[in-house]
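Have a look at structure_34.txt below; it lists compact mmCIF, C-alpha atoms.
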```txt
# COMPACT_ATOMS: atom_id res chain seq x y z
CA MET A 310 153.41 -45.79 47.56
CA THR A 311 149.98 -44.25 47.89
CA SER A 312 149.65 -40.75 49.28
CA SER A 313 147.92 -41.82 52.48
CA TYR A 314 147.45 -44.97 54.56
CA ASN A 315 144.81 -45.67 57.18
CA ILE A 316 146.58 -47.09 60.21
CA LEU A 317 145.14 -48.30 63.51
CA SER A 318 147.56 -48.36 66.46
CA ILE A 319 146.52 -50.51 69.43
CA GLY A 320 148.01 -50.82 72.91
CA ASN A 321 150.16 -48.92 75.40
CA ASN A 322 153.60 -50.46 74.83
CA PRO A 323 156.13 -47.59 74.52
CA ASN A 324 157.47 -49.10 71.29
CA ILE A 325 154.03 -49.00 69.67
CA SER A 326 153.76 -45.36 70.74
CA PHE A 327 157.16 -44.74 69.12
CA TYR A 328 156.12 -46.25 65.76
CA THR A 329 152.89 -44.26 65.90
CA TRP A 330 154.79 -41.03 66.56
CA ARG A 331 157.18 -41.58 63.66
CA LEU A 332 154.31 -42.42 61.29
CA TYR A 333 152.52 -39.27 62.39
CA GLU A 334 155.64 -37.25 61.57
CA SER A 335 155.78 -38.81 58.10
CA LYS A 336 152.51 -37.01 57.18
CA LEU A 337 151.59 -40.03 55.04
CA CYS A 338 149.10 -41.65 57.40
CA ASN A 339 145.63 -41.23 58.80
CA LEU A 340 146.14 -42.51 62.32
CA SER A 341 143.69 -43.83 64.88
CA ILE A 342 144.72 -45.04 68.33
CA ILE A 343 143.08 -47.49 70.73
CA ASN A 344 144.64 -47.18 74.17
CA SER A 345 142.70 -47.65 77.39
CA THR A 346 145.42 -45.92 79.47
CA THR A 347 145.80 -42.78 77.38
CA ILE A 348 145.16 -39.54 79.27
CA THR A 349 143.13 -36.98 77.35
CA ASN A 350 143.64 -33.24 77.52
CA ASP A 351 140.41 -32.81 79.44
CA GLU A 352 138.31 -34.93 81.76
CA SER A 353 136.21 -36.41 78.95
CA SER A 354 137.12 -39.60 77.19
CA PRO A 355 137.43 -39.64 73.40
CA SER A 356 134.24 -41.65 73.19
CA ASP A 357 132.30 -39.03 75.16
CA GLN A 358 133.28 -35.99 73.15
CA GLU A 359 133.97 -35.48 69.47
CA ASN A 360 137.42 -34.22 68.42
CA THR A 361 138.87 -34.65 71.89
CA SER A 362 142.56 -33.89 71.58
CA VAL A 363 145.20 -36.13 73.14
CA SER A 364 148.79 -34.90 73.37
CA PHE A 365 151.99 -36.96 73.41
CA GLN A 366 155.39 -35.67 74.49
CA TRP A 367 158.60 -37.18 73.08
CA ASN A 368 162.19 -36.41 74.11
CA SER A 369 164.98 -37.74 71.90
CA LYS A 370 168.49 -36.72 70.85
CA GLN A 371 168.18 -38.42 67.48
CA PHE A 372 164.69 -37.23 66.52
CA GLY A 373 164.51 -34.10 68.65
CA ASN A 374 161.91 -33.14 71.21
CA SER A 375 158.35 -33.14 69.97
CA ARG A 376 154.82 -32.70 71.19
CA TYR A 377 151.91 -33.65 68.98
CA SER A 378 148.16 -33.97 69.41
CA ILE A 379 145.67 -36.30 67.78
CA SER A 380 141.91 -36.43 68.11
CA THR A 381 141.19 -39.96 66.88
CA VAL A 382 142.05 -41.73 70.15
CA TYR A 383 139.68 -44.31 71.64
CA ASN A 384 139.44 -46.30 74.85
CA SER A 385 138.31 -49.56 73.25
CA LEU A 386 137.53 -51.27 69.99
CA THR A 387 133.83 -50.62 70.59
CA ASP A 388 134.52 -46.87 70.90
CA TYR A 389 136.57 -46.97 67.70
CA VAL A 390 133.82 -48.73 65.71
CA SER A 391 131.13 -46.42 67.07
CA ASN A 392 133.01 -43.23 66.16
CA THR A 393 134.63 -44.17 62.85
CA ASP A 394 133.20 -43.70 59.38
CA ASP A 395 132.11 -46.97 57.77
CA ASN A 396 133.96 -45.94 54.63
CA VAL A 397 137.35 -45.92 56.38
CA PHE A 398 139.25 -49.08 55.46
CA LEU A 399 142.44 -50.04 57.27
CA ASP A 400 145.75 -50.68 55.50
CA PHE A 401 147.84 -51.56 58.56
CA VAL A 402 147.16 -52.50 62.17
CA LEU A 403 149.97 -52.05 64.70
CA ILE A 404 149.24 -53.84 67.95
CA SER A 405 150.79 -54.54 71.34
CA SER A 406 149.22 -56.51 74.14
CA GLU A 407 149.74 -56.99 77.87
CA SER A 408 149.03 -60.73 77.84
CA LEU A 409 148.30 -63.69 75.59
CA GLN A 410 144.72 -63.79 76.83
CA GLU A 411 144.20 -60.12 75.97
CA LEU A 412 145.68 -60.74 72.52
CA ALA A 413 143.35 -63.66 71.86
CA SER A 414 140.28 -61.81 73.17
CA PHE A 415 140.98 -58.75 71.05
CA PHE A 416 141.39 -60.64 67.77
CA THR A 417 138.35 -62.79 68.47
CA GLU A 418 136.37 -59.55 68.45
CA PHE A 419 138.43 -57.76 65.81
CA LYS A 420 138.13 -60.48 63.15
CA VAL A 421 134.46 -59.57 62.67
CA LEU A 422 135.46 -56.04 61.68
CA LEU A 423 138.15 -57.41 59.35
CA LYS A 424 135.66 -59.67 57.61
CA ASP A 425 133.23 -56.78 57.13
CA GLN A 426 136.02 -54.75 55.52
CA PHE A 427 136.95 -57.62 53.19
CA ASP A 428 133.35 -58.08 52.12
CA ILE A 429 133.21 -54.43 51.03
CA CYS A 430 136.65 -53.69 49.58
CA ASN A 431 138.10 -57.19 49.03
CA TYR A 432 141.33 -56.80 51.04
CA TYR A 433 142.53 -57.25 54.59
CA PRO A 434 144.86 -54.93 56.49
CA ILE A 435 148.35 -56.14 57.35
CA ILE A 436 148.75 -56.98 61.06
CA VAL A 437 152.06 -55.98 62.72
CA ILE A 438 152.70 -57.13 66.31
CA GLU A 439 155.12 -55.42 68.67
CA SER A 440 157.54 -58.27 69.51
CA THR A 441 160.61 -56.66 71.04
CA ASN A 442 161.89 -59.27 73.56
CA PHE A 443 158.99 -61.60 72.67
CA VAL A 444 159.15 -64.76 70.57
CA ASN A 445 156.97 -66.26 67.82
CA LEU A 446 153.66 -64.49 68.52
CA GLU A 447 152.43 -64.56 64.91
CA PRO A 448 151.08 -68.15 65.00
CA PHE A 449 149.15 -67.31 68.17
CA VAL A 450 147.53 -64.30 66.47
CA SER A 451 146.78 -66.25 63.28
CA MET A 452 145.12 -68.96 65.36
CA SER A 453 142.94 -66.32 67.08
CA LEU A 454 142.00 -64.80 63.71
CA GLN A 455 141.23 -68.21 62.15
CA ASN A 456 141.96 -66.74 58.73
CA SER A 457 145.12 -67.68 56.85
CA SER A 458 144.53 -64.91 54.29
CA ILE A 459 145.42 -62.21 56.82
CA GLU A 460 149.15 -61.49 56.86
CA VAL A 461 150.71 -61.21 60.34
CA PHE A 462 154.22 -59.83 60.93
CA SER A 463 156.36 -58.81 63.89
CA ILE A 464 158.34 -55.67 64.56
CA MET A 465 161.26 -55.21 67.01
CA SER A 466 163.32 -52.21 68.03
CA ASP A 467 166.85 -51.46 69.25
CA TYR A 468 165.68 -48.15 70.69
CA ASP A 469 165.65 -47.76 74.47
CA ILE A 470 162.21 -46.20 74.86
CA ARG A 471 160.87 -45.56 78.34
CA ILE A 472 157.62 -44.10 79.57
CA MET A 473 158.17 -41.21 81.98
CA GLY A 474 154.59 -40.27 82.80
CA ASN A 475 151.15 -39.93 81.26
CA ASN A 476 151.77 -39.81 77.48
CA ILE A 477 155.41 -38.72 78.07
CA PHE A 478 158.27 -40.77 76.58
CA ASN A 479 162.06 -40.57 76.52
CA ILE A 480 164.37 -42.25 74.02
CA TYR A 481 167.69 -42.96 75.72
CA PRO A 482 170.87 -43.59 73.76
CA SER A 483 170.93 -47.24 72.76
CA LYS A 484 173.32 -49.55 74.63
CA LYS A 485 173.74 -51.55 71.43
CA GLU A 486 175.90 -50.75 68.42
CA SER A 487 172.85 -50.06 66.26
CA GLU A 488 169.51 -48.27 66.44
CA LEU A 489 167.35 -50.24 64.04
CA VAL A 490 163.86 -51.56 63.66
CA TYR A 491 163.53 -55.20 62.58
CA LEU A 492 160.58 -56.31 60.47
CA GLY A 493 159.57 -59.81 59.43
CA ARG A 494 157.78 -63.00 60.40
CA SER A 495 159.21 -65.56 62.79
CA GLY A 496 159.07 -69.23 61.90
CA THR A 497 161.12 -72.26 60.96
CA GLU A 498 160.77 -71.77 57.18
CA SER A 499 163.85 -71.06 55.07
CA LYS A 500 162.22 -68.36 52.92
CA TYR A 501 159.35 -65.90 52.68
CA THR A 502 156.57 -66.07 50.11
CA SER A 503 156.52 -63.44 47.37
CA ASN A 504 153.44 -61.81 48.93
CA GLU A 505 155.19 -61.60 52.29
CA ILE A 506 158.25 -59.97 50.73
CA GLU A 507 156.03 -57.40 49.02
CA SER A 508 154.21 -56.60 52.29
CA ILE A 509 157.46 -56.35 54.28
CA ASN A 510 158.88 -53.94 51.72
CA LYS A 511 155.72 -51.84 51.84
CA ILE A 512 155.84 -51.48 55.64
CA SER A 513 159.60 -50.88 55.59
CA SER A 514 159.28 -48.10 53.01
CA LEU A 515 156.63 -46.41 55.11
CA LEU A 516 158.79 -46.49 58.24
CA GLU A 517 161.84 -45.29 56.35
CA THR A 518 159.93 -42.19 55.22
CA ALA A 519 159.63 -41.46 58.96
CA ASN A 520 163.45 -41.57 59.30
CA VAL A 521 163.47 -45.02 60.93
CA ASP A 522 166.13 -47.43 59.70
CA VAL A 523 164.63 -50.85 59.00
CA PHE A 524 166.62 -54.10 58.94
CA LYS A 525 164.88 -56.76 56.83
CA LEU A 526 165.95 -60.32 57.59
CA ASN A 527 166.09 -62.84 54.78
CA THR A 528 164.10 -65.73 56.21
CA PRO A 529 161.53 -66.44 58.96
CA LEU A 530 164.11 -68.65 60.73
CA GLU A 531 166.65 -65.84 60.76
CA PHE A 532 164.05 -63.46 62.15
CA LEU A 533 163.19 -66.01 64.87
CA SER A 534 166.89 -66.26 65.76
CA TYR A 535 167.01 -62.48 66.25
CA GLN A 536 163.92 -62.66 68.45
CA TRP A 537 165.67 -65.16 70.71
CA LYS A 538 168.76 -62.93 70.75
CA PHE A 539 166.62 -60.08 72.09
CA ALA A 540 164.74 -62.29 74.54
CA LEU A 541 167.55 -64.36 76.09
CA PRO A 542 169.00 -61.75 78.52
CA LYS A 543 165.54 -60.37 79.22
CA ILE A 544 164.41 -63.83 80.37
CA ALA A 545 167.52 -65.24 82.05
CA ILE A 546 169.09 -62.19 83.73
CA GLU A 547 166.86 -59.12 84.05
CA PRO A 548 164.10 -60.71 86.21
CA LEU A 549 166.78 -61.81 88.69
CA LEU A 550 167.92 -58.19 89.04
CA ILE A 551 164.45 -57.50 90.41
CA LEU A 552 164.25 -60.57 92.66
CA PHE A 553 167.63 -59.85 94.27
CA GLU A 554 167.15 -56.07 94.18
CA ARG A 555 170.40 -55.50 92.32
CA PRO A 556 170.08 -53.04 89.41
CA PHE A 557 173.28 -54.06 87.60
CA PRO A 558 174.45 -57.47 86.34
CA SER A 559 177.85 -57.24 88.04
CA GLN A 560 176.08 -56.91 91.39
CA LEU A 561 173.97 -59.95 90.60
CA GLN A 562 177.04 -62.10 90.10
CA GLU A 563 178.03 -61.36 93.71
CA GLN A 564 174.87 -63.14 94.89
CA ILE A 565 175.63 -66.81 95.62
CA LEU A 566 171.97 -67.81 95.30
CA ALA A 567 171.69 -66.20 91.87
CA LYS A 568 174.40 -68.29 90.24
CA PRO A 569 172.45 -71.60 89.90
CA LEU A 570 169.35 -69.72 88.74
CA ILE A 571 171.27 -67.96 85.97
CA SER A 572 172.85 -71.22 84.86
CA GLY A 573 169.55 -73.11 84.86
CA LEU A 574 167.63 -70.42 82.99
CA ILE A 575 170.28 -69.91 80.31
CA LEU A 576 170.61 -73.67 79.77
CA GLU A 577 166.84 -74.09 79.34
CA ILE A 578 166.49 -71.19 76.88
CA ILE A 579 169.52 -72.21 74.81
CA THR A 580 168.09 -75.74 74.65
CA VAL A 581 164.81 -74.40 73.26
CA ILE A 582 166.68 -72.18 70.76
CA LYS A 583 168.70 -75.12 69.45
CA THR A 584 165.68 -77.43 69.36
CA MET A 585 163.83 -74.92 67.16
CA GLY A 586 166.79 -74.86 64.76
CA CYS A 587 167.77 -71.24 65.46
CA LYS A 588 171.20 -69.68 65.31
CA LEU A 589 173.05 -68.73 68.49
CA PHE A 590 174.83 -65.40 68.09
CA LYS A 591 178.30 -64.65 69.37
CA SER A 592 178.19 -63.19 72.90
CA TYR A 593 174.86 -64.98 73.42
CA ASP A 594 175.90 -68.60 72.94
CA SER A 595 177.04 -69.43 76.50
CA GLU A 596 176.55 -68.33 80.08
CA ASP A 597 179.96 -66.67 80.41
CA ALA A 598 179.66 -64.85 77.09
CA LEU A 599 176.16 -63.58 77.89
CA LEU A 600 177.13 -62.30 81.34
CA LYS A 601 180.22 -60.58 79.93
CA ARG A 602 178.14 -58.93 77.21
CA PHE A 603 175.47 -57.77 79.65
CA ASN A 604 178.08 -56.33 82.01
CA GLN A 605 179.45 -54.32 79.09
CA LEU A 606 176.02 -52.99 78.17
CA TYR A 607 175.08 -52.04 81.74
CA PRO A 608 178.20 -51.24 83.80
CA GLU A 609 177.64 -50.34 87.42
CA CYS A 610 177.17 -46.60 87.96
CA HIS A 611 175.36 -44.08 90.13
CA LEU A 612 171.58 -44.42 89.89
CA SER A 613 169.30 -41.43 89.35
CA ILE A 614 166.06 -41.15 91.28
CA ASP A 615 164.08 -43.09 88.64
CA CYS A 616 166.77 -45.78 88.04
CA SER A 617 166.93 -44.95 84.34
CA GLU A 618 170.54 -46.21 84.17
CA ALA A 619 169.44 -49.75 85.02
CA PRO A 620 168.18 -52.29 82.43
CA LYS A 621 164.66 -51.60 81.23
CA LEU A 622 162.86 -54.40 83.08
CA TYR A 623 164.30 -53.23 86.40
CA TYR A 624 163.38 -49.64 85.51
CA ASP A 625 159.80 -50.62 84.65
CA PHE A 626 159.38 -52.61 87.87
CA PHE A 627 160.83 -49.77 89.95
CA ASN A 628 158.47 -47.25 88.31
CA GLN A 629 155.49 -49.66 88.41
CA ASN A 630 155.13 -49.92 84.64
CA ASN A 631 153.81 -52.94 82.78
CA LEU A 632 156.28 -55.86 82.56
CA TYR A 633 154.41 -57.96 79.92
CA LEU A 634 155.31 -61.13 81.81
CA ASP A 635 152.92 -63.33 79.82
CA LEU A 636 154.60 -62.48 76.55
CA LEU A 637 158.11 -62.45 78.00
CA LEU A 638 158.04 -65.63 80.13
CA LEU A 639 154.87 -67.64 79.51
CA GLN A 640 155.18 -67.71 75.72
CA PRO A 641 158.68 -69.34 75.84
CA ILE A 642 157.29 -71.90 78.30
CA LEU A 643 154.53 -72.78 75.83
CA LEU A 644 156.99 -72.97 72.93
CA ALA A 645 159.27 -75.24 74.97
CA ASP A 646 156.32 -77.51 75.71
CA ASP A 647 155.55 -77.73 71.98
CA TYR A 648 159.10 -78.97 71.43
CA HIS A 649 159.04 -81.26 74.50
CA VAL A 650 161.69 -79.29 76.39
CA LYS A 651 161.32 -79.23 80.18
CA THR A 652 161.65 -75.75 81.73
CA PRO A 653 161.29 -75.99 85.55
CA TYR A 654 163.51 -72.95 86.18
CA LEU A 655 161.55 -70.83 83.73
CA GLU A 656 158.18 -71.98 85.06
CA PHE A 657 159.24 -71.17 88.62
CA LEU A 658 160.54 -67.76 87.50
CA TYR A 659 157.22 -66.97 85.79
CA ALA A 660 155.25 -67.85 88.94
CA ILE A 661 157.51 -65.82 91.24
CA MET A 662 157.67 -62.77 88.95
CA THR A 663 153.90 -62.75 88.54
CA GLN A 664 153.43 -62.70 92.31
CA TRP A 665 156.13 -60.06 92.81
CA ASN A 666 154.51 -57.89 90.17
CA ASN A 667 151.18 -58.16 92.01
CA ASN A 668 152.87 -57.23 95.29
CA ASN A 669 154.51 -54.26 93.58
CA PHE A 670 151.11 -52.54 93.31
CA SER A 671 149.99 -53.19 96.88
CA THR A 672 148.70 -50.12 98.74
CA LEU A 673 147.00 -49.55 102.07
CA GLN A 674 143.74 -48.98 100.23
CA ASN A 675 144.17 -51.93 97.85
CA GLN A 676 146.30 -54.58 99.51
CA THR A 677 147.46 -57.22 97.04
CA SER A 678 149.90 -58.67 99.56
CA ILE A 679 149.64 -59.70 103.21
CA PHE A 680 153.36 -59.29 103.87
CA TRP A 681 154.67 -56.58 101.54
CA LEU A 682 153.95 -52.92 100.89
CA ARG A 683 155.86 -51.12 98.14
CA GLN A 684 158.13 -48.34 99.39
CA ASN A 685 157.10 -45.30 97.39
CA SER A 686 155.98 -41.76 98.14
CA GLU A 687 152.27 -42.58 97.95
CA ASN A 688 152.47 -45.50 100.37
CA ILE A 689 154.82 -43.63 102.71
CA LYS A 690 152.38 -40.72 102.81
CA SER A 691 149.50 -43.13 103.49
CA LEU A 692 151.50 -44.80 106.27
CA LYS A 693 152.25 -41.44 107.90
CA LEU A 694 148.58 -40.48 107.75
CA SER A 695 147.64 -43.86 109.23
CA GLU A 696 150.21 -43.41 112.00
CA GLU A 697 148.88 -39.93 112.79
CA GLN A 698 145.32 -41.23 112.88
CA LEU A 699 146.39 -44.14 115.06
CA ALA A 700 148.18 -41.76 117.43
CA LEU A 701 145.03 -39.62 117.71
CA ASN A 702 142.89 -42.70 118.36
CA ASN A 703 145.33 -43.93 121.04
CA ALA A 704 145.40 -40.50 122.70
CA LEU A 705 141.59 -40.45 122.79
CA LYS A 706 141.50 -43.94 124.29
CA GLU A 707 144.05 -42.97 126.96
CA LYS A 708 142.00 -39.88 127.81
CA ASN A 709 138.82 -41.96 128.19
CA ILE A 710 140.64 -44.52 130.33
CA LYS A 711 142.07 -41.77 132.61
CA GLU A 712 138.66 -40.18 133.06
CA ALA A 713 137.18 -43.55 133.96
CA ASN A 714 139.97 -44.24 136.49
CA ASP A 715 139.53 -40.80 138.08
CA LYS A 716 135.87 -41.52 138.65
CA LEU A 717 136.64 -44.88 140.22
CA ASN A 718 139.22 -43.35 142.62
CA GLN A 719 136.86 -40.65 144.02
CA PRO A 720 135.53 -41.36 147.66
CA TYR A 721 132.14 -42.97 147.71
CA PRO A 722 129.57 -40.32 148.97
CA GLN A 723 127.70 -41.19 152.26
CA GLN A 724 123.98 -41.59 152.01
CA GLN A 725 122.15 -38.66 153.64
CA GLN A 726 119.55 -39.51 156.34
CA PRO A 727 116.17 -37.78 156.68
CA VAL A 728 116.18 -34.47 158.65
CA GLN A 729 113.83 -35.77 161.40
CA GLN A 730 116.08 -38.77 162.06
CA GLN A 731 119.15 -36.50 162.19
CA GLN A 732 117.46 -34.28 164.87
CA GLN A 733 116.56 -37.29 167.03
CA GLN A 734 120.15 -38.46 166.90
CA ARG A 735 121.36 -35.03 168.15
CA GLN A 736 119.15 -35.39 171.38
CA VAL A 737 121.12 -37.55 173.80
CA PRO A 738 118.63 -39.13 176.30
CA ALA A 739 119.55 -39.95 179.96
CA GLN A 740 120.53 -43.49 180.64
CA GLN A 741 117.48 -45.47 181.61
CA GLN A 742 117.40 -48.51 183.76
CA PRO A 743 115.55 -51.37 182.36
CA VAL A 744 112.09 -51.62 183.85
CA GLN A 745 111.60 -54.82 185.72
CA GLN A 746 108.17 -56.22 185.42
CA GLN A 747 106.79 -57.09 188.78
CA TYR A 748 104.62 -60.07 189.14
CA PRO A 749 102.36 -60.61 192.20
CA ASN A 750 103.77 -63.09 194.67
CA ASN A 751 101.85 -66.20 194.83
CA GLN A 752 101.40 -66.79 198.35
```
As a first step, turn the structure in this file into structure tokens.
Amino acid sequence: MTSSYNILSIGNNPNISFYTWRLYESKLCNLSIINSTTITNDESSPSDQENTSVSFQWNSKQFGNSRYSISTVYNSLTDYVSNTDDNVFLDFVLISSESLQELASFFTEFKVLLKDQFDICNYYPIIVIESTNFVNLEPFVSMSLQNSSIEVFSIMSDYDIRIMGNNIFNIYPSKKESELVYLGRSGTESKYTSNEIESINKISSLLETANVDVFKLNTPLEFLSYQWKFALPKIAIEPLLILFERPFPSQLQEQILAKPLISGLILEIITVIKTMGCKLFKSYDSEDALLKRFNQLYPECHLSIDCSEAPKLYYDFFNQNNLYLDLLLLQPILLADDYHVKTPYLEFLYAIMTQWNNNNFSTLQNQTSIFWLRQNSENIKSLKLSEEQLALNNALKEKNIKEANDKLNQPYPQQQQPVQQQQQQRQVPAQQQPVQQQYPNNQ
């Protein structure tokens, strides 16, 4: 292993931030980060000021609490290219994405930089995609790159990593029996190439120097089976916890309307898994087994204010974090279509969850929903301010109406007559007989 690797970390997924933190602690890497949501230590962005420091806070029982700062943090690929030495050549690229479209757009732009590097130093960096709970993203990335010479792998994690605030992360004790990182490439092949094995071992060795245990699967098909194992409960159960507003699986089973949805979703996903030739693991091979397993992992208990005891998707929705619905739900729909498997339940779930996620960010100032407003402290404060302003406006209107009514109820003032006419009216003349006009008698 060389003394130092140049690594570019891209995206805001908490797992990517975790890998970046561990690699930083290894002291074997020169790290650069592209993250449009990262909060800097001052009001300037990394592209506006040289050596701008960005701090990250980590809290973990296994790895201890840590706070580290790094200056090579950028808001976009353009910022990274503009502020990086042309003689810096990448060895690895770790990437997460919010959607398939974002993934395709990034690599369409990034492949130009990769080609320039190859023309100078005659090698490409190894691409590693964050794929925890996601399935078979490598072919999508390779298609966007349009270069079969670039190796693309996936990485998954058992760790329960949750974002607590701006650049603040907690690692909760894992609900599973293990705390491992899985590295490989998903596919239907029965073996890896020799070059792929060499690259997987290189990445694994680097992570292991950072005290991360890596589980290397023997074949692409086995790795794909593990991806489906991670994804199945995330697709079939956790979104329904949000839709029915029940944080724990046992509560969901009490909902009569949820039962057919669970059955339909599990049946569709298991059909896709079998059609792709993947293995179904024990406790994940039937509806009853999956529900029993999930109830064991997340037993009903008292919820803290941030719902950290609930499954991660529910926690992220409650705290208005990114749900990565494209990668979680749309990608399996596309895979099912490739294998001619109909997925009406899954397609409906994707549409509903996308709309619910939009509604989840609705505010009085930026209304994304006509009917719903998320109940949180910010919106409650805005509602109270709106109510106070409305009360003031109503009080002002009532005051104006009262003043107008008072004016209307005042007696109408009599019109004053001229002084001369008033004096004549005060002189009462004697009664006069009408003067008879006498005409001469015509005799």
Inset, instruction - Pick out the residues sitting within 7 Å of A:Ser375, and hand them over as a count of residues only; count all atoms listed in the file, and ignore anything fewer than 3 positions along from it in its own chain. - result: 3
Inset, instruction - Can you work out which one of A:Cys430, A:Ile551, A:Val490, A:Cys338 has the shortest atom-to-atom distance to A:Asn324, counting only C-alpha atoms? - result: A:Val490
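Here atom CA of A:Leu515 stands at a distance of 7.7 Å from atom CA of A:Leu332.
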Legend entry - Within 9 Å of A:Leu399 using all atoms listed in the file, minus same-chain residues under 3 positions, as number ranges by chain: A: 314-317, 402, 423, 426, 433-435
Legend entry - Counting all atoms listed in the file, the residue of A:Leu606, A:Leu717, A:Ile343, A:Leu673 that sits nearest A:Phe415: A:Ile343
Inset, instruction - Could you check how far atom CA of A:Asn442 sits from atom CA of A:Ser671, in Å to one decimal? - result: 26.9 Å
Inset, instruction - Extract, using all atoms listed in the file, all DNA, RNA and protein residues at most 8 Å from A:Pro323, discarding same-chain residues fewer than 6 positions from it, and format them as number ranges by chain. - result: A: 470-472, 478
Legend entry - A:Ser385, A:Asn445, A:Ser369, A:Ser453 ranked by distance to A:Ser345, top pick (using all atoms listed in the file): A:Ser385
